[in-house]
file run.txt (compact mmCIF, C-alpha atoms)
# COMPACT_ATOMS: atom_id res chain seq x y z
CA MET H 1 160.37 13.67 -21.12
CA LYS H 2 158.69 15.97 -23.57
CA ARG H 3 158.89 13.48 -26.41
CA SER H 4 159.75 9.87 -26.99
CA ALA H 5 163.31 9.05 -26.05
CA LEU H 6 163.21 6.16 -28.48
CA LEU H 7 162.41 7.78 -31.81
CA PRO H 8 165.19 9.37 -33.86
CA LEU H 9 164.90 13.15 -33.91
CA PRO H 10 164.14 13.57 -37.64
CA ILE H 11 161.14 11.26 -37.34
CA VAL H 12 159.86 12.88 -34.17
CA GLY H 13 159.86 16.24 -35.85
CA SER H 14 157.68 15.01 -38.71
CA LEU H 15 154.91 13.40 -36.68
CA LEU H 16 152.15 15.95 -37.08
CA LEU H 17 149.31 13.51 -37.63
CA THR H 18 146.43 13.32 -35.21
CA GLY H 19 144.17 10.30 -35.39
CA CYS H 20 140.91 9.70 -33.61
CA GLY H 21 138.94 6.49 -33.59
CA ALA H 22 135.94 7.39 -31.44
CA LEU H 23 133.50 4.55 -30.78
CA ASP H 24 129.83 4.52 -29.75
CA MET H 25 129.14 5.34 -26.12
CA SER H 26 125.96 3.28 -25.81
CA GLY H 27 125.85 1.61 -22.41
CA GLY H 28 128.60 0.60 -20.00
CA VAL H 29 131.77 2.63 -19.53
CA THR H 30 133.77 4.39 -22.21
CA LEU H 31 137.49 4.69 -21.55
CA SER H 32 139.42 7.49 -23.20
CA LEU H 33 142.85 6.48 -24.49
CA VAL H 34 145.37 9.06 -25.69
CA ALA H 35 148.43 7.50 -27.33
CA ALA H 36 151.51 8.79 -29.11
CA ASP H 37 152.02 8.16 -32.82
CA TYR H 38 155.13 6.13 -33.67
CA GLY H 39 154.41 6.21 -37.39
CA ASP H 40 155.33 8.92 -39.82
CA ASN H 41 152.39 8.73 -42.24
CA GLU H 42 148.78 7.54 -42.39
CA THR H 43 149.71 4.04 -43.54
CA ASN H 44 151.78 3.24 -40.45
CA SER H 45 150.11 5.46 -37.86
CA SER H 46 149.72 3.96 -34.41
CA ALA H 47 146.01 4.71 -34.73
CA ILE H 48 145.74 1.56 -36.86
CA TYR H 49 147.25 -0.56 -34.08
CA TRP H 50 145.19 0.96 -31.28
CA ASN H 51 141.86 0.87 -33.14
CA ASP H 52 142.39 -2.80 -33.96
CA LEU H 53 143.31 -3.55 -30.33
CA ALA H 54 140.28 -1.58 -29.10
CA ARG H 55 137.88 -3.52 -31.33
CA ARG H 56 139.27 -6.85 -30.13
CA PHE H 57 139.09 -5.76 -26.49
CA GLU H 58 135.49 -4.60 -26.89
CA ALA H 59 134.52 -7.91 -28.45
CA ALA H 60 135.72 -9.66 -25.30
CA ASN H 61 134.39 -6.94 -22.95
CA PRO H 62 131.11 -5.62 -24.43
CA ASP H 63 130.41 -3.43 -21.39
CA ILE H 64 133.55 -1.34 -21.99
CA LYS H 65 134.14 0.92 -24.99
CA ILE H 66 137.49 2.46 -25.90
CA ARG H 67 137.72 5.92 -27.47
CA VAL H 68 141.08 6.12 -29.26
CA ASP H 69 142.92 9.41 -29.73
CA VAL H 70 146.37 9.12 -31.38
CA VAL H 71 148.48 12.27 -31.44
CA GLY H 72 151.89 13.09 -32.92
CA TRP H 73 154.86 13.57 -30.59
CA THR H 74 155.08 17.27 -31.37
CA ASP H 75 151.60 17.91 -29.95
CA ILE H 76 150.82 15.19 -27.44
CA ASP H 77 151.98 16.88 -24.21
CA LYS H 78 150.02 20.04 -24.97
CA HIS H 79 147.02 17.97 -26.08
CA ILE H 80 146.93 16.11 -22.76
CA ALA H 81 147.35 19.34 -20.78
CA ASP H 82 144.50 20.94 -22.72
CA LEU H 83 142.19 17.98 -22.06
CA ILE H 84 142.92 18.12 -18.34
CA ALA H 85 142.37 21.87 -18.26
CA LYS H 86 138.98 21.44 -19.96
CA GLY H 87 137.87 18.81 -17.45
CA LYS H 88 138.21 16.01 -20.01
CA THR H 89 140.99 14.05 -18.33
CA PRO H 90 141.68 10.82 -20.23
CA ASP H 91 141.64 7.46 -18.50
CA VAL H 92 144.78 6.03 -20.09
CA VAL H 93 147.71 7.85 -21.68
CA GLN H 94 150.71 6.41 -23.50
CA THR H 95 153.53 8.90 -24.03
CA GLY H 96 157.14 9.72 -23.19
CA GLY H 97 157.06 10.42 -19.46
CA TYR H 98 155.03 10.34 -16.27
CA ALA H 99 156.73 12.36 -13.51
CA ASP H 100 154.71 15.56 -14.02
CA GLN H 101 151.43 13.66 -13.65
CA VAL H 102 152.65 11.93 -10.49
CA ALA H 103 153.63 15.31 -9.04
CA ALA H 104 150.07 16.53 -9.73
CA ASP H 105 148.63 13.44 -7.96
CA ARG H 106 146.60 12.37 -11.00
CA LEU H 107 147.62 8.72 -11.40
CA TYR H 108 146.67 5.34 -10.03
CA PRO H 109 149.61 3.32 -8.70
CA ALA H 110 150.52 0.57 -11.15
CA GLY H 111 149.51 -2.08 -8.64
CA ASP H 112 145.94 -0.77 -8.69
CA VAL H 113 145.52 -1.22 -12.45
CA LEU H 114 147.64 -4.27 -13.30
CA SER H 115 147.07 -7.89 -12.31
CA ILE H 116 149.79 -9.69 -10.37
CA ASP H 117 150.62 -11.75 -13.46
CA THR H 118 151.07 -8.63 -15.58
CA GLN H 119 153.21 -6.94 -12.93
CA VAL H 120 155.48 -9.97 -12.60
CA ASN H 121 155.84 -10.17 -16.38
CA ILE H 122 157.24 -6.63 -16.66
CA LEU H 123 161.04 -6.59 -16.56
CA ASP H 124 162.11 -5.63 -13.07
CA SER H 125 164.57 -2.92 -14.11
CA PHE H 126 161.83 -1.18 -16.12
CA ALA H 127 159.24 -1.50 -13.36
CA LYS H 128 161.66 0.11 -10.90
CA ALA H 129 162.30 2.93 -13.36
CA GLY H 130 158.59 3.78 -13.13
CA GLN H 131 158.76 4.37 -9.37
CA VAL H 132 158.47 7.61 -7.47
CA LEU H 133 159.49 7.42 -3.82
CA GLY H 134 159.18 3.63 -3.87
CA SER H 135 155.75 3.42 -5.52
CA GLN H 136 155.36 2.59 -9.21
CA TYR H 137 153.18 4.92 -11.27
CA GLY H 138 154.86 4.80 -14.66
CA ILE H 139 154.09 1.58 -16.54
CA PRO H 140 156.73 0.89 -19.22
CA PHE H 141 155.31 0.37 -22.69
CA ILE H 142 158.25 0.03 -25.06
CA SER H 143 161.98 0.21 -24.52
CA SER H 144 165.39 0.69 -26.00
CA SER H 145 168.92 -0.08 -24.87
CA ARG H 146 172.40 0.96 -25.92
CA VAL H 147 175.18 -1.28 -27.18
CA PHE H 148 178.63 -0.90 -28.70
CA PHE H 149 178.84 -0.72 -32.52
CA TYR H 150 181.98 -1.26 -34.58
CA ASN H 151 182.84 -1.25 -38.28
CA LYS H 152 184.15 -4.71 -39.19
CA ASP H 153 185.93 -3.59 -42.35
CA ILE H 154 187.83 -0.89 -40.47
CA PHE H 155 188.69 -3.38 -37.74
CA ASP H 156 190.04 -5.78 -40.37
CA LYS H 157 192.14 -3.01 -41.89
CA ALA H 158 193.54 -2.15 -38.45
CA GLY H 159 194.20 -5.80 -37.60
CA ILE H 160 191.65 -5.88 -34.76
CA THR H 161 190.12 -9.33 -34.35
CA ALA H 162 187.51 -8.75 -31.64
CA PRO H 163 185.60 -5.79 -30.14
CA PRO H 164 187.05 -4.24 -26.97
CA THR H 165 185.68 -5.26 -23.59
CA THR H 166 187.61 -2.77 -21.43
CA TRP H 167 188.63 0.86 -21.76
CA ASP H 168 192.29 -0.08 -22.17
CA GLU H 169 191.34 -2.31 -25.09
CA LEU H 170 189.18 0.44 -26.58
CA ARG H 171 192.07 2.92 -26.42
CA ARG H 172 194.45 0.38 -27.95
CA ASP H 173 191.98 -0.32 -30.78
CA ALA H 174 191.40 3.39 -31.34
CA GLU H 175 195.16 3.93 -31.69
CA LEU H 176 195.37 1.08 -34.20
CA VAL H 177 192.54 2.60 -36.24
CA LYS H 178 194.25 5.99 -36.22
CA ALA H 179 197.48 4.42 -37.44
CA LYS H 180 196.09 1.96 -39.98
CA ALA H 181 192.97 3.77 -41.26
CA PRO H 182 193.85 7.46 -41.76
CA GLY H 183 190.87 9.78 -42.06
CA VAL H 184 188.62 7.55 -39.90
CA ILE H 185 187.43 8.79 -36.50
CA PRO H 186 188.42 5.94 -34.17
CA TYR H 187 185.68 6.52 -31.57
CA ALA H 188 182.68 8.85 -31.89
CA LEU H 189 182.02 10.67 -28.60
CA PRO H 190 178.87 12.79 -29.08
CA LEU H 191 178.61 15.15 -26.10
CA GLY H 192 176.69 17.86 -27.94
CA PRO H 193 173.35 19.19 -26.71
CA GLU H 194 171.16 16.60 -28.47
CA GLU H 195 171.86 13.76 -26.05
CA ALA H 196 174.94 14.48 -23.95
CA GLN H 197 173.12 13.17 -20.90
CA GLY H 198 172.77 9.76 -22.58
CA GLU H 199 176.39 9.34 -23.67
CA SER H 200 177.49 10.64 -20.26
CA MET H 201 175.37 8.14 -18.39
CA ILE H 202 176.70 5.27 -20.50
CA TRP H 203 180.28 6.25 -19.71
CA THR H 204 179.70 6.95 -16.01
CA MET H 205 178.04 3.55 -15.55
CA SER H 206 180.84 1.76 -17.39
CA GLY H 207 183.23 3.51 -15.01
CA GLY H 208 181.43 2.25 -11.92
CA GLY H 209 179.48 5.47 -11.30
CA GLY H 210 176.25 7.04 -12.54
CA LEU H 211 174.28 10.25 -12.62
CA SER H 212 172.29 9.40 -9.46
CA ASP H 213 172.34 6.85 -6.64
CA ASN H 214 169.70 4.33 -5.58
CA ALA H 215 168.09 6.92 -3.32
CA GLY H 216 167.66 9.33 -6.22
CA ASN H 217 170.38 11.78 -5.19
CA TYR H 218 172.47 13.24 -7.99
CA THR H 219 176.05 11.92 -8.08
CA ILE H 220 177.38 13.85 -11.07
CA ASP H 221 180.59 14.84 -9.27
CA SER H 222 181.39 11.46 -7.72
CA PRO H 223 185.03 10.26 -7.62
CA GLN H 224 184.13 7.55 -10.13
CA ASN H 225 182.68 10.09 -12.57
CA ARG H 226 185.65 12.43 -12.20
CA SER H 227 187.90 9.49 -13.03
CA THR H 228 185.74 8.61 -16.04
CA PHE H 229 185.82 12.09 -17.57
CA ASN H 230 189.51 12.44 -16.84
CA TRP H 231 190.06 9.22 -18.82
CA LEU H 232 187.95 10.48 -21.72
CA ARG H 233 189.82 13.76 -21.76
CA THR H 234 193.33 12.32 -21.53
CA SER H 235 192.89 9.01 -23.37
CA LEU H 236 190.56 9.93 -26.24
CA VAL H 237 190.23 13.69 -26.70
CA ASP H 238 193.85 14.74 -26.02
CA LYS H 239 195.14 11.87 -28.15
CA ARG H 240 192.83 12.91 -31.01
CA LEU H 241 191.11 9.53 -31.06
CA THR H 242 187.67 11.13 -31.29
CA TYR H 243 186.15 14.37 -32.59
CA ASP H 244 188.21 17.51 -31.98
CA ASP H 245 185.42 19.00 -29.86
CA PRO H 246 182.88 16.40 -28.67
CA ALA H 247 180.81 19.19 -27.08
CA LYS H 248 179.80 20.31 -30.57
CA VAL H 249 178.90 16.84 -31.89
CA ASP H 250 175.34 15.49 -31.64
CA ARG H 251 174.29 11.86 -31.74
CA LYS H 252 172.70 12.24 -35.16
CA THR H 253 176.05 13.42 -36.56
CA ALA H 254 177.89 10.48 -35.00
CA PHE H 255 175.30 8.05 -36.37
CA ALA H 256 175.50 9.58 -39.85
CA ASP H 257 179.31 9.37 -39.79
CA PHE H 258 179.19 5.71 -38.78
CA ALA H 259 176.69 4.95 -41.55
CA ALA H 260 179.02 6.70 -44.00
CA GLY H 261 182.03 4.61 -42.96
CA LYS H 262 183.78 7.57 -41.29
CA VAL H 263 183.64 6.21 -37.70
CA ALA H 264 185.06 2.94 -36.39
CA MET H 265 183.35 2.70 -32.98
CA LEU H 266 180.51 4.29 -31.02
CA ASN H 267 177.59 3.55 -28.69
CA GLY H 268 174.20 3.29 -30.38
CA HIS H 269 170.54 2.33 -30.09
CA PRO H 270 168.54 0.01 -32.41
CA GLY H 271 167.85 2.85 -34.82
CA LEU H 272 171.49 2.76 -35.88
CA VAL H 273 171.03 -0.75 -37.28
CA SER H 274 168.87 0.38 -40.18
CA LYS H 275 171.18 3.35 -40.87
CA ALA H 276 174.21 1.06 -41.01
CA VAL H 277 172.42 -1.39 -43.31
CA ALA H 278 171.31 1.45 -45.60
CA GLY H 279 174.92 2.63 -45.74
CA ASN H 280 176.16 -0.87 -46.63
CA ILE H 281 178.27 -0.91 -43.47
CA LYS H 282 179.47 -4.30 -42.31
CA TYR H 283 178.95 -3.74 -38.60
CA GLY H 284 179.09 -5.69 -35.37
CA THR H 285 177.60 -5.11 -31.93
CA ALA H 286 178.87 -6.01 -28.49
CA ALA H 287 178.41 -5.15 -24.83
CA ILE H 288 179.59 -1.66 -23.90
CA PRO H 289 183.25 -1.75 -22.78
CA ARG H 290 183.82 -1.27 -19.06
CA LYS H 291 186.66 0.41 -17.16
CA ASP H 292 187.74 -3.05 -16.09
CA LYS H 293 186.23 -6.43 -15.32
CA THR H 294 185.38 -5.40 -11.73
CA VAL H 295 182.67 -3.04 -12.99
CA LYS H 296 179.24 -4.64 -13.30
CA PRO H 297 177.90 -4.78 -16.90
CA ALA H 298 175.21 -2.16 -17.48
CA THR H 299 173.56 -0.25 -20.26
CA LEU H 300 171.39 2.81 -20.61
CA GLY H 301 167.74 1.85 -20.73
CA VAL H 302 165.13 4.15 -22.23
CA ALA H 303 161.38 3.65 -22.16
CA ASP H 304 158.12 5.27 -23.13
CA TRP H 305 155.30 4.96 -20.62
CA MET H 306 151.68 4.12 -19.94
CA MET H 307 149.73 6.00 -17.25
CA ALA H 308 146.34 5.38 -15.65
CA PHE H 309 144.45 8.49 -14.53
CA LYS H 310 142.12 8.32 -11.53
CA GLU H 311 139.99 11.41 -12.26
CA ASN H 312 137.09 9.47 -13.80
CA GLY H 313 137.11 6.63 -11.28
CA HIS H 314 137.32 3.83 -13.85
CA ARG H 315 139.94 1.75 -12.06
CA ALA H 316 138.33 -1.66 -12.66
CA GLU H 317 137.74 -0.98 -16.36
CA ILE H 318 141.26 0.43 -16.82
CA LYS H 319 142.68 -2.68 -15.18
CA LYS H 320 140.84 -4.95 -17.62
CA PHE H 321 142.05 -2.88 -20.55
CA LEU H 322 145.69 -2.65 -19.49
CA ASN H 323 145.93 -6.36 -18.76
CA PHE H 324 144.71 -6.89 -22.33
CA VAL H 325 147.21 -4.35 -23.70
CA TYR H 326 150.08 -6.23 -22.06
CA LYS H 327 149.18 -9.65 -23.44
CA LYS H 328 152.09 -11.08 -25.42
CA GLU H 329 150.24 -11.08 -28.75
CA ASN H 330 149.66 -7.32 -28.42
CA THR H 331 153.04 -6.21 -27.11
CA LEU H 332 154.83 -8.39 -29.65
CA LYS H 333 152.79 -6.94 -32.52
CA PHE H 334 153.61 -3.35 -31.54
CA ASP H 335 157.30 -4.00 -30.88
CA GLU H 336 157.76 -5.77 -34.20
CA GLN H 337 155.78 -3.21 -36.18
CA TYR H 338 157.88 -0.28 -34.93
CA ASN H 339 161.18 -2.13 -34.41
CA MET H 340 161.13 -1.43 -30.67
CA LEU H 341 162.32 -3.52 -27.75
CA PRO H 342 159.99 -5.19 -25.24
CA VAL H 343 159.36 -4.44 -21.57
CA THR H 344 157.78 -7.80 -20.72
CA GLN H 345 159.55 -11.09 -20.12
CA ASP H 346 157.36 -13.25 -22.37
CA THR H 347 157.82 -10.90 -25.34
CA LEU H 348 161.55 -10.66 -24.64
CA ASP H 349 161.77 -14.47 -24.68
CA GLU H 350 159.77 -14.64 -27.91
CA MET H 351 161.88 -12.05 -29.73
CA SER H 352 165.17 -13.48 -28.43
CA ALA H 353 164.29 -16.93 -29.79
CA ASN H 354 163.19 -15.64 -33.21
CA PRO H 355 165.99 -15.65 -35.85
CA ALA H 356 164.21 -12.76 -37.57
CA HIS H 357 165.41 -10.53 -34.72
CA LYS H 358 169.05 -11.61 -34.83
CA ASP H 359 170.11 -8.01 -35.45
CA LEU H 360 168.62 -7.07 -32.07
CA THR H 361 170.27 -9.87 -30.06
CA GLU H 362 172.78 -7.67 -28.24
CA PHE H 363 170.09 -5.09 -27.43
CA LEU H 364 167.72 -7.76 -26.11
CA ASN H 365 170.50 -9.30 -24.01
CA ALA H 366 171.22 -5.91 -22.47
CA LEU H 367 167.66 -5.15 -21.33
CA PRO H 368 167.72 -6.96 -17.96
CA ASN H 369 170.83 -4.95 -16.98
CA ALA H 370 169.40 -1.60 -18.05
CA ASN H 371 169.72 1.43 -15.81
CA PHE H 372 167.67 4.59 -16.22
CA TYR H 373 167.73 8.31 -15.81
CA PRO H 374 166.09 9.45 -12.52
CA LEU H 375 162.77 9.81 -14.32
CA GLY H 376 160.68 10.00 -11.16
CA ASP H 377 162.54 13.07 -9.88
CA PRO H 378 160.56 16.21 -10.73
CA SER H 379 163.85 18.08 -11.23
CA TRP H 380 165.15 15.69 -13.91
CA ASP H 381 163.88 17.61 -16.94
CA LYS H 382 165.79 20.74 -15.91
CA VAL H 383 168.87 18.83 -14.78
CA SER H 384 168.87 16.89 -18.05
CA SER H 385 168.85 20.19 -19.95
CA MET H 386 171.85 21.37 -17.92
CA LEU H 387 173.76 18.20 -18.74
CA LYS H 388 172.95 18.51 -22.44
CA GLN H 389 174.36 22.02 -22.54
CA ARG H 390 177.47 21.61 -20.42
CA MET H 391 178.60 17.97 -20.08
CA GLY H 392 180.78 18.24 -23.19
CA GLU H 393 182.88 20.89 -21.44
CA ALA H 394 184.10 18.24 -18.99
CA VAL H 395 186.33 16.63 -21.64
CA LYS H 396 187.90 19.92 -22.75
CA PRO H 397 191.22 21.20 -21.38
CA GLY H 398 190.53 22.74 -17.99
CA GLY H 399 187.20 20.93 -17.72
CA GLU H 400 187.95 19.35 -14.35
CA ASP H 401 185.57 21.66 -12.47
CA VAL H 402 182.55 21.23 -14.75
CA LEU H 403 181.19 18.17 -12.93
CA GLY H 404 181.30 20.00 -9.59
CA GLU H 405 179.45 22.99 -11.04
CA LEU H 406 176.79 20.72 -12.54
CA GLN H 407 176.47 18.82 -9.25
CA SER H 408 175.80 22.04 -7.32
CA ALA H 409 173.26 23.24 -9.87
CA ALA H 410 171.50 19.84 -9.95
CA ALA H 411 171.32 19.61 -6.15
CA ALA H 412 169.84 23.10 -5.96
CA GLU H 413 167.28 22.27 -8.63
CA ALA H 414 166.33 19.04 -6.86
CA SER H 415 165.86 20.92 -3.58
CA ARG H 416 163.58 23.48 -5.25
CA ALA H 417 161.53 20.77 -6.97
CA ARG H 418 161.01 18.76 -3.80
CA LYS H 419 159.79 21.81 -1.90
CA GLY H 420 157.09 22.21 -4.54

call {"tool": "encode", "arguments": {"input": "run.txt", "output": "structure tokens"}}
result
Amino acid sequence: MKRSALLPLPIVGSLLLTGCGALDMSGGVTLSLVAADYGDNETNSSAIYWNDLARRFEAANPDIKIRVDVVGWTDIDKHIADLIAKGKTPDVVQTGGYADQVAADRLYPAGDVLSIDTQVNILDSFAKAGQVLGSQYGIPFISSSRVFFYNKDIFDKAGITAPPTTWDELRRDAELVKAKAPGVIPYALPLGPEEAQGESMIWTMSGGGGLSDNAGNYTIDSPQNRSTFNWLRTSLVDKRLTYDDPAKVDRKTAFADFAAGKVAMLNGHPGLVSKAVAGNIKYGTAAIPRKDKTVKPATLGVADWMMAFKENGHRAEIKKFLNFVYKKENTLKFDEQYNMLPVTQDTLDEMSANPAHKDLTEFLNALPNANFYPLGDPSWDKVSSMLKQRMGEAVKPGGEDVLGELQSAAAAEASRARKG
């Protein structure tokens, strides 16, 4: 990933702040931390969080200093590359991805820099998402999941008493909305280039398929996925129960339409909650509908990552620092401050039990069943770009061959990437 997958696009584009909280280097070891900024101004910059955490860590570990460097999402990847090129490789980096650093053989395995207790505390699905060829290098830091949103007022108008749990129920509800609430888009299907890979993965999983298998091979053109896109084309698009051309609709448009009361149903992340509240939308959330009850419940999981670099040889000091970072008091503070979801079991338990996070209940419940993009595959960035540009064509008339074309292109890209 070249940016956080968790922050809404308008915010990501505005994060141009760079903070630096350098500390004295007198004695002991100084660790260099480069972290992404989740704030959008000086008053909520992540530099405030990290400098406070660094001071508390140093008080407990006087032989280790932490030099904090917080960089906006627009600049962080280039900033890290520049540091490495200048021979100033940081010790710890928190950003949106890890695969490129694994490919360059720059990282410690997670097991080398996390205690057993910390490793066990990380949600298993997220730990596995940080693996490359069976070894974990990416350490999840914060997360997000996707759930089904619906407009309660529109449902009442259409006579719908409960959210759909299967595709047949979703189609039935969409037809009721079309009949009883003219002018409302029954289901928002954003397959435009902003995040077509995300909406596609949600639908392929709910149809019993996915974009890749457990071995990391792309499965874009699987029989399950063909069936899924055929259903979308014939049951939603052809029946005009969604946008006329989903390939031209981005997620941000679908979210804005839902917040304006123009959409009855869609899949969304936690950022949609605040938009719906701001729009005075009486909304509900539920698990994502599945093809039928034989399909295992699943959701799209997204995470930003922590990495430990081995260039400076500070493994023991990094381990002390990261075990401190992942203490519940610290992860909970960050997740609550930026309205993110946790990656550790103790913080998940704490947030799930807190009535203040009632609006996140469905998202928190979905985390243990989260599935991820093939983040450890060095070809994923290019394959993801292909999916963003072309996946929407698969629900157009005559789009039956699109999945096969994408499968061939993805397999070729994966072969090139694996040969170096």

call {"tool": "atom_distance", "arguments": {"input": "run.txt", "atom1": "CA of Gln94 in chain H", "atom2": "CA of Met307 in chain H"}}
result
6.3 Å

call {"tool": "atom_distance", "arguments": {"input": "run.txt", "atom1": "CA of Gly376 in chain H", "atom2": "CA of Gly207 in chain H"}}
result
23.8 Å

call {"tool": "closest_residue", "arguments": {"input": "run.txt", "among": "H:Lys296, H:His79, H:Lys396, H:Lys65", "to": "Leu53 in chain H", "atoms": "all atoms listed in the file"}}
result
H:Lys65

call {"tool": "closest_residue", "arguments": {"input": "run.txt", "among": "H:Ile220, H:Leu114, H:Ile48, H:Leu31", "to": "Ser408 in chain H", "atoms": "only C-alpha atoms"}}
result
H:Ile220

call {"tool": "atom_distance", "arguments": {"input": "run.txt", "atom1": "CA of Val71 in chain H", "atom2": "CA of Asp40 in chain H"}}
result
11.3 Å

call {"tool": "residues_around", "arguments": {"input": "run.txt", "residues": "Ile288 in chain H", "least_positions_apart": "6", "cutoff": "8 Å", "atoms": "all atoms listed in the file", "output": "VMD selection string"}}
result
chain H and resid 146 to 148 165 206 267 297 to 299

call {"tool": "closest_residue", "arguments": {"input": "run.txt", "among": "H:Pro140, H:Glu393, H:Asn354, H:Ala412", "to": "Asp245 in chain H", "atoms": "all atoms listed in the file"}}
result
H:Glu393

call {"tool": "closest_residue", "arguments": {"input": "run.txt", "among": "H:Ser32, H:Thr285, H:Ser143, H:Thr234", "to": "Ala303 in chain H", "atoms": "all atoms listed in the file"}}
result
H:Ser143

call {"tool": "closest_residue", "arguments": {"input": "run.txt", "among": "H:Ala188, H:Ala308, H:Val302, H:Ala81", "to": "Ala254 in chain H", "atoms": "only C-alpha atoms"}}
result
H:Ala188

call {"tool": "residues_around", "arguments": {"input": "run.txt", "residues": "Pro62 in chain H", "least_positions_apart": "3", "cutoff": "10 Å", "atoms": "only C-alpha atoms", "output": "CSV table (one decimal) with C-alpha atoms, in the coordinates of the input"}}
result
chain,number,residue,atom,x,y,z
H,27,GLY,CA,125.8,1.6,-22.4
H,28,GLY,CA,128.6,0.6,-20.0
H,29,VAL,CA,131.8,2.6,-19.5
H,55,ARG,CA,137.9,-3.5,-31.3
H,57,PHE,CA,139.1,-5.8,-26.5
H,58,GLU,CA,135.5,-4.6,-26.9
H,59,ALA,CA,134.5,-7.9,-28.4
H,65,LYS,CA,134.1,0.9,-25.0

call {"tool": "residues_around", "arguments": {"input": "run.txt", "residues": "range 136-139 of chain H", "least_positions_apart": "4", "cutoff": "6 Å", "atoms": "all atoms listed in the file", "output": "list in words"}}
result
Tyr98, Pro109, Ala110, Gly130, Gln131, Trp305, Met306 and Met307 of chain H

call {"tool": "residues_around", "arguments": {"input": "run.txt", "residues": "range 156-160 of chain H", "least_positions_apart": "3", "cutoff": "9 Å", "atoms": "all atoms listed in the file", "output": "VMD selection string"}}
result
chain H and resid 151 to 153 163 173 176 to 181

call {"tool": "residues_around", "arguments": {"input": "run.txt", "residues": "Asp257 in chain H", "least_positions_apart": "3", "cutoff": "12 Å", "atoms": "all atoms listed in the file", "output": "list in words"}}
result
Asn151, Gly183, Val184, Ile185, Pro186, Tyr187, Ala188, Leu189, Pro190, Tyr243, Val249, Asp250, Arg251, Lys252, Thr253, Ala254, Ala260, Gly261, Lys262, Val263, Ala264, Met265, Leu266, Leu272, Lys275, Ala276, Gly279 and Ile281 of chain H

call {"tool": "closest_atom_pairs", "arguments": {"input": "run.txt", "of": "range 362-399 of chain H", "to": "range 332-345 of chain H", "cutoff": "12 Å", "atoms": "all atoms listed in the file", "output": "CSV"}}
result
residue,atom,partner,partner_atom,distance
H:Glu362,CA,H:Leu341,CA,11.3
H:Phe363,CA,H:Leu341,CA,7.9
H:Leu364,CA,H:Leu341,CA,7.1
H:Asn365,CA,H:Leu341,CA,10.7
H:Ala366,CA,H:Leu341,CA,10.6
H:Leu367,CA,H:Val343,CA,8.3
H:Pro368,CA,H:Gln345,CA,9.4
H:Ala370,CA,H:Val343,CA,11.0

call {"tool": "write_last_selection", "arguments": {"input": "run.txt", "atoms": "C-alpha atoms", "output": "PDB file, in the coordinates of the input"}}
result
ATOM      1  CA  GLU H 362     172.780  -7.670 -28.240  1.00  0.00           C
ATOM      2  CA  PHE H 363     170.090  -5.090 -27.430  1.00  0.00           C
ATOM      3  CA  LEU H 364     167.720  -7.760 -26.110  1.00  0.00           C
ATOM      4  CA  ASN H 365     170.500  -9.300 -24.010  1.00  0.00           C
ATOM      5  CA  ALA H 366     171.220  -5.910 -22.470  1.00  0.00           C
ATOM      6  CA  LEU H 367     167.660  -5.150 -21.330  1.00  0.00           C
ATOM      7  CA  PRO H 368     167.720  -6.960 -17.960  1.00  0.00           C
ATOM      8  CA  ALA H 370     169.400  -1.600 -18.050  1.00  0.00           C
TER       9      ALA H 370
END
